[in-house]
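Okay, my_file21.cif now, which holds mmCIF, C-alpha atoms:
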```cif
data_input
#
loop_
_atom_site.label_atom_id
_atom_site.label_comp_id
_atom_site.auth_asym_id
_atom_site.auth_seq_id
_atom_site.Cartn_x
_atom_site.Cartn_y
_atom_site.Cartn_z
CA MET X 1 -127.22 60.14 -73.42
CA GLY X 2 -129.49 63.18 -73.20
CA LEU X 3 -133.24 63.59 -73.52
CA ARG X 4 -133.51 63.17 -77.27
CA LYS X 5 -135.95 60.79 -78.94
CA CYS X 6 -134.51 57.40 -79.80
CA PRO X 7 -133.79 56.98 -83.54
CA CYS X 8 -135.45 53.53 -83.50
CA GLY X 9 -138.91 55.07 -83.72
CA SER X 10 -140.22 53.62 -80.46
CA GLY X 11 -141.27 57.08 -79.29
CA LYS X 12 -139.18 56.65 -76.13
CA GLN X 13 -136.25 58.77 -75.00
CA TYR X 14 -132.85 57.47 -76.14
CA CYS X 15 -131.65 57.22 -72.52
CA THR X 16 -134.47 54.76 -71.65
CA CYS X 17 -134.59 52.91 -74.98
CA CYS X 18 -131.55 51.96 -77.07
CA GLY X 19 -128.95 54.09 -75.27
CA PRO X 20 -128.36 51.66 -72.38
CA LEU X 21 -128.13 48.73 -74.83
CA LEU X 22 -125.52 50.43 -77.00
CA ALA X 23 -123.59 51.50 -73.89
CA GLY X 24 -123.52 47.87 -72.65
CA GLU X 25 -125.53 48.71 -69.52
CA LYS X 26 -128.44 46.43 -70.48
CA THR X 27 -129.18 43.62 -72.92
CA ALA X 28 -132.17 43.38 -75.25
CA GLN X 29 -135.11 41.53 -73.72
CA THR X 30 -136.84 40.74 -77.05
CA ALA X 31 -135.91 40.20 -80.68
CA GLU X 32 -137.66 43.45 -81.65
CA GLN X 33 -135.74 45.39 -79.01
CA LEU X 34 -132.47 44.00 -80.39
CA MET X 35 -133.51 44.86 -83.96
CA ARG X 36 -134.38 48.43 -82.92
CA SER X 37 -131.06 48.78 -81.09
CA ARG X 38 -129.18 47.50 -84.15
CA TYR X 39 -130.97 50.10 -86.29
CA THR X 40 -129.91 52.78 -83.79
CA ALA X 41 -126.34 51.42 -83.89
CA ASN X 42 -126.42 51.84 -87.69
CA VAL X 43 -127.68 55.42 -87.29
CA GLU X 44 -124.83 56.11 -84.85
CA ARG X 45 -122.28 54.16 -86.91
CA ASN X 46 -121.53 51.90 -83.96
CA ALA X 47 -119.86 48.91 -85.66
CA THR X 48 -118.72 47.50 -82.30
CA TYR X 49 -122.32 47.02 -81.12
CA LEU X 50 -123.44 45.64 -84.49
CA LEU X 51 -120.73 42.98 -84.43
CA ALA X 52 -121.28 42.12 -80.75
CA SER X 53 -125.02 41.61 -81.30
CA TRP X 54 -124.47 39.43 -84.39
CA HIS X 55 -124.50 35.65 -83.78
CA PRO X 56 -120.96 34.22 -84.02
CA SER X 57 -122.06 31.63 -86.61
CA THR X 58 -122.98 34.32 -89.16
CA ARG X 59 -120.99 37.35 -87.98
CA PRO X 60 -118.59 38.87 -90.54
CA GLN X 61 -114.98 39.62 -89.58
CA GLU X 62 -115.59 43.35 -89.99
CA LEU X 63 -118.23 45.74 -91.33
CA GLY X 64 -116.09 48.26 -93.14
CA SER X 65 -116.16 51.97 -92.51
CA SER X 66 -119.08 53.14 -94.63
CA PHE X 67 -122.66 53.55 -93.43
CA ASN X 68 -125.90 54.77 -94.99
CA ASP X 69 -127.67 57.81 -93.61
CA TRP X 70 -130.63 56.05 -91.97
CA GLN X 71 -133.77 58.21 -91.75
CA LYS X 72 -136.69 56.19 -90.40
CA LEU X 73 -137.58 52.72 -89.11
CA GLN X 74 -140.98 51.08 -89.28
CA VAL X 75 -141.54 47.67 -87.68
CA LEU X 76 -144.15 45.81 -89.73
CA GLU X 77 -144.43 42.47 -87.93
CA THR X 78 -142.84 40.56 -85.08
CA VAL X 79 -143.18 36.78 -84.87
CA ALA X 80 -142.22 35.23 -81.50
CA GLY X 81 -139.02 36.75 -80.10
CA GLU X 82 -140.55 37.53 -76.72
CA LEU X 83 -138.95 37.10 -73.30
CA GLN X 84 -139.91 33.39 -73.08
CA ASP X 85 -138.93 32.55 -76.70
CA GLU X 86 -135.63 31.25 -78.06
CA GLN X 87 -136.18 32.45 -81.64
CA GLY X 88 -137.91 35.33 -83.33
CA GLU X 89 -138.37 37.22 -86.57
CA VAL X 90 -138.88 40.92 -87.16
CA GLU X 91 -140.04 42.38 -90.48
CA PHE X 92 -139.24 46.04 -90.99
CA GLN X 93 -138.70 48.83 -93.47
CA ALA X 94 -135.87 51.30 -92.98
CA VAL X 95 -135.55 54.43 -95.12
CA PHE X 96 -132.00 55.50 -95.97
CA ARG X 97 -130.22 58.19 -97.95
CA GLN X 98 -127.07 58.16 -100.01
CA GLY X 99 -126.56 61.82 -100.87
CA ALA X 100 -129.51 62.87 -103.06
CA MET X 101 -130.61 59.24 -103.43
CA GLN X 102 -133.15 57.47 -101.23
CA GLY X 103 -133.95 53.78 -100.73
CA ILE X 104 -135.91 51.51 -98.44
CA LEU X 105 -134.52 48.34 -96.90
CA HIS X 106 -137.46 45.92 -96.46
CA GLU X 107 -136.17 42.92 -94.53
CA ARG X 108 -137.29 40.01 -92.38
CA SER X 109 -134.55 39.45 -89.79
CA ARG X 110 -134.04 36.25 -87.81
CA PHE X 111 -132.89 36.26 -84.20
CA CYS X 112 -132.01 33.64 -81.60
CA LYS X 113 -131.48 33.73 -77.87
CA GLU X 114 -128.50 31.92 -76.34
CA GLY X 115 -127.45 32.13 -72.72
CA GLY X 116 -130.27 34.60 -72.09
CA ARG X 117 -128.99 37.00 -74.76
CA TRP X 118 -130.56 37.83 -78.13
CA TYR X 119 -128.46 37.76 -81.33
CA TYR X 120 -129.11 38.73 -84.94
CA ILE X 121 -128.65 35.72 -87.23
CA ASP X 122 -129.43 36.99 -90.73
CA GLY X 123 -132.05 38.70 -92.82
CA GLU X 124 -133.96 38.18 -96.03
CA ILE X 125 -134.44 41.26 -98.22
CA LEU X 126 -138.09 41.13 -99.22
CA ASN X 127 -138.20 43.79 -101.93
CA PRO X 128 -134.78 44.29 -103.56
CA ASN X 129 -136.17 46.96 -105.93
CA LEU X 130 -136.92 49.26 -102.98
CA ALA X 131 -133.37 48.90 -101.66
CA GLU X 132 -131.87 50.30 -104.88
CA PRO X 133 -131.33 54.02 -104.15
CA LYS X 134 -133.28 56.37 -106.40
CA LYS X 135 -132.84 60.09 -106.98
CA VAL X 136 -135.09 62.32 -104.89
CA GLY X 137 -136.99 64.87 -107.01
CA ARG X 138 -136.76 68.56 -106.09
CA ASN X 139 -140.49 68.73 -105.29
CA ASN X 140 -140.62 65.44 -103.38
CA PRO X 141 -140.74 65.39 -99.57
CA CYS X 142 -137.23 65.67 -98.16
CA PRO X 143 -135.86 62.26 -97.12
CA CYS X 144 -134.64 63.76 -93.82
CA GLY X 145 -138.23 63.64 -92.56
CA SER X 146 -138.60 67.40 -92.00
CA GLY X 147 -141.89 67.55 -93.91
CA LYS X 148 -140.48 70.20 -96.27
CA LYS X 149 -139.91 69.78 -99.99
CA TYR X 150 -136.43 68.55 -100.83
CA LYS X 151 -135.60 71.81 -102.67
CA LYS X 152 -136.45 73.83 -99.53
CA CYS X 153 -134.50 71.60 -97.17
CA CYS X 154 -131.45 69.39 -97.84
CA ILE X 155 -130.83 69.84 -101.57
CA ARG X 156 -128.08 72.45 -101.01
CA LYS X 157 -126.25 70.29 -98.45
CA ASP X 158 -126.46 67.24 -100.73
CA ALA X 159 -125.10 69.27 -103.66
CA GLU X 160 -122.18 70.46 -101.50
CA ASP X 161 -121.50 66.87 -100.36
CA ALA X 162 -121.55 65.67 -103.98
CA ALA X 163 -119.17 68.45 -105.04
CA ALA X 164 -116.78 67.59 -102.19
CA ALA X 165 -116.85 63.92 -103.22
CA ASP X 166 -116.08 64.86 -106.84
CA THR X 167 -112.98 66.76 -105.76
CA SER X 168 -111.75 63.85 -103.68
CA HIS X 169 -108.15 62.79 -104.28
CA GLU X 170 -109.19 59.13 -104.44
CA PRO X 171 -109.93 57.59 -107.82
CA PRO X 172 -113.73 57.19 -108.20
CA ASP X 173 -113.66 53.38 -108.01
CA GLU X 174 -111.77 53.47 -104.68
CA ARG X 175 -114.13 55.75 -102.75
CA PRO X 176 -115.68 54.07 -99.73
CA GLU X 177 -119.08 52.55 -100.40
CA ARG X 178 -121.95 54.19 -98.53
CA ARG X 179 -124.37 51.66 -97.14
#
```
Take the structure in this file and express it as structure tokens.
Amino acid sequence: MGLRKCPCGSGKQYCTCCGPLLAGEKTAQTAEQLMRSRYTANVERNATYLLASWHPSTRPQELGSSFNDWQKLQVLETVAGELQDEQGEVEFQAVFRQGAMQGILHERSRFCKEGGRWYYIDGEILNPNLAEPKKVGRNNPCPCGSGKKYKKCCIRKDAEDAAAADTSHEPPDERPERR
């Protein structure tokens, strides 16, 4: 698991934060911890963990094979969801990229605890306009979080990715959706 920082934004090392949860060595103790681990699972494209931590009453059959490029998580509010609680809510914003486009998922997620284990139930998107990806301007901060301008950082890589997608052998309407 290494000594890298956890993608969930907790400030902790991955090996002491979300790593053991995703590896099945531990279970989340709070709703917020489960939400952070699910964010990390999205970053790592770990569909198995996402499905396993989803409550059976609302869990989809499958997630598909496409994922967004998640950049940053900010927890805004946690209501209940502590060790002694059976339910909880976590409001968060998560920044994502789709090539040269950037969006923000602003959601209030609901969680429940059954048999001592926390599960994601569902979420309400609080600002749908933010979730619609928008083009990143050349002089804007790079969505990767480097602190550099986009034109001095990831613009070349995004252009190469876009060119590769345009030369794909799949018809445009059959390309996998990036989420």
For this file, the PyMOL selection byres ((chain X and resi 101) around 8) selects which residues, as a count of residues only? 10
Would you write out, as a tab-separated table, a table of all residues in stretch 47-143 of chain X that have an atom no more than 10 Å from an atom of stretch 10-16 of chain X, listing for each the closest atom pair and the distance in Å to one decimal, considering all atoms listed in the file and ordering rows by chain and rising residue number?
```
residue	atom	partner	partner_atom	distance
X:Leu73	CA	X:Ser10	CA	9.1
X:Gln74	CA	X:Ser10	CA	9.2
X:Val75	CA	X:Ser10	CA	9.4
```
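Counting only C-alpha atoms, X:Lys113 has the following residues at most 8 Å away, ignoring those fewer than 3 positions along the same chain: Asp85, Glu86, Gln87, Gly116, Arg117, Trp118 and Tyr119 of chain X.
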Contact residues around X:Thr40 with all atoms listed in the file at 8 Å, ignoring same-chain residues under 3 positions, as a PyMOL selection string: chain X and resi 6-8+18+36-37+43-44
May I ask which of the residues X:Thr27, X:Ser146, X:Gln93, X:Ser109 is the closest one to X:Tyr49, counting only C-alpha atoms? X:Thr27
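Minimum distance to X:Ala131 across X:Phe96, X:Thr48, X:Leu3, X:Phe111 (counting only C-alpha atoms) occurs at X:Phe96.
Taking atom CA of X:Leu76 as the reference point, atom CA of X:Val90 is found at 7.6 Å.
If you look at atom CA of X:Gln71 and atom CA of X:Leu105, they are 11.2 Å away from each other.
Proximity to X:Leu63 was assessed for X:Glu132, X:Asn42, X:Ala80, X:Lys149 counting all atoms listed in the file; the smallest distance is recorded for X:Asn42.
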Care to translate the PyMOL selection byres ((chain X and resi 125) around 9) into actual residues of this file, as a VMD selection string? chain X and resid 105 to 109 123 to 124 126 to 128 131
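Reported to one decimal place, the separation of atom CA of X:Leu51 from atom CA of X:Ser66 is 14.5 Å.
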Check which residues satisfy the PyMOL selection byres ((chain X and resi 120) around 9) in the file shown, then give them as a PDB file with C-alpha atoms, in the coordinates of the input.
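expr-v1.pdb was written with the following content:
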```pdb
ATOM      1  CA  ALA X  31    -135.910  40.200 -80.680  1.00  0.00           C
ATOM      2  CA  LEU X  34    -132.470  44.000 -80.390  1.00  0.00           C
ATOM      3  CA  MET X  35    -133.510  44.860 -83.960  1.00  0.00           C
ATOM      4  CA  ARG X  38    -129.180  47.500 -84.150  1.00  0.00           C
ATOM      5  CA  LEU X  50    -123.440  45.640 -84.490  1.00  0.00           C
ATOM      6  CA  SER X  53    -125.020  41.610 -81.300  1.00  0.00           C
ATOM      7  CA  TRP X  54    -124.470  39.430 -84.390  1.00  0.00           C
ATOM      8  CA  HIS X  55    -124.500  35.650 -83.780  1.00  0.00           C
ATOM      9  CA  THR X  58    -122.980  34.320 -89.160  1.00  0.00           C
ATOM     10  CA  ARG X  59    -120.990  37.350 -87.980  1.00  0.00           C
ATOM     11  CA  SER X 109    -134.550  39.450 -89.790  1.00  0.00           C
ATOM     12  CA  ARG X 110    -134.040  36.250 -87.810  1.00  0.00           C
ATOM     13  CA  PHE X 111    -132.890  36.260 -84.200  1.00  0.00           C
ATOM     14  CA  CYS X 112    -132.010  33.640 -81.600  1.00  0.00           C
ATOM     15  CA  LYS X 113    -131.480  33.730 -77.870  1.00  0.00           C
ATOM     16  CA  TRP X 118    -130.560  37.830 -78.130  1.00  0.00           C
ATOM     17  CA  TYR X 119    -128.460  37.760 -81.330  1.00  0.00           C
ATOM     18  CA  ILE X 121    -128.650  35.720 -87.230  1.00  0.00           C
ATOM     19  CA  ASP X 122    -129.430  36.990 -90.730  1.00  0.00           C
ATOM     20  CA  GLY X 123    -132.050  38.700 -92.820  1.00  0.00           C
TER      21      GLY X 123
END
```
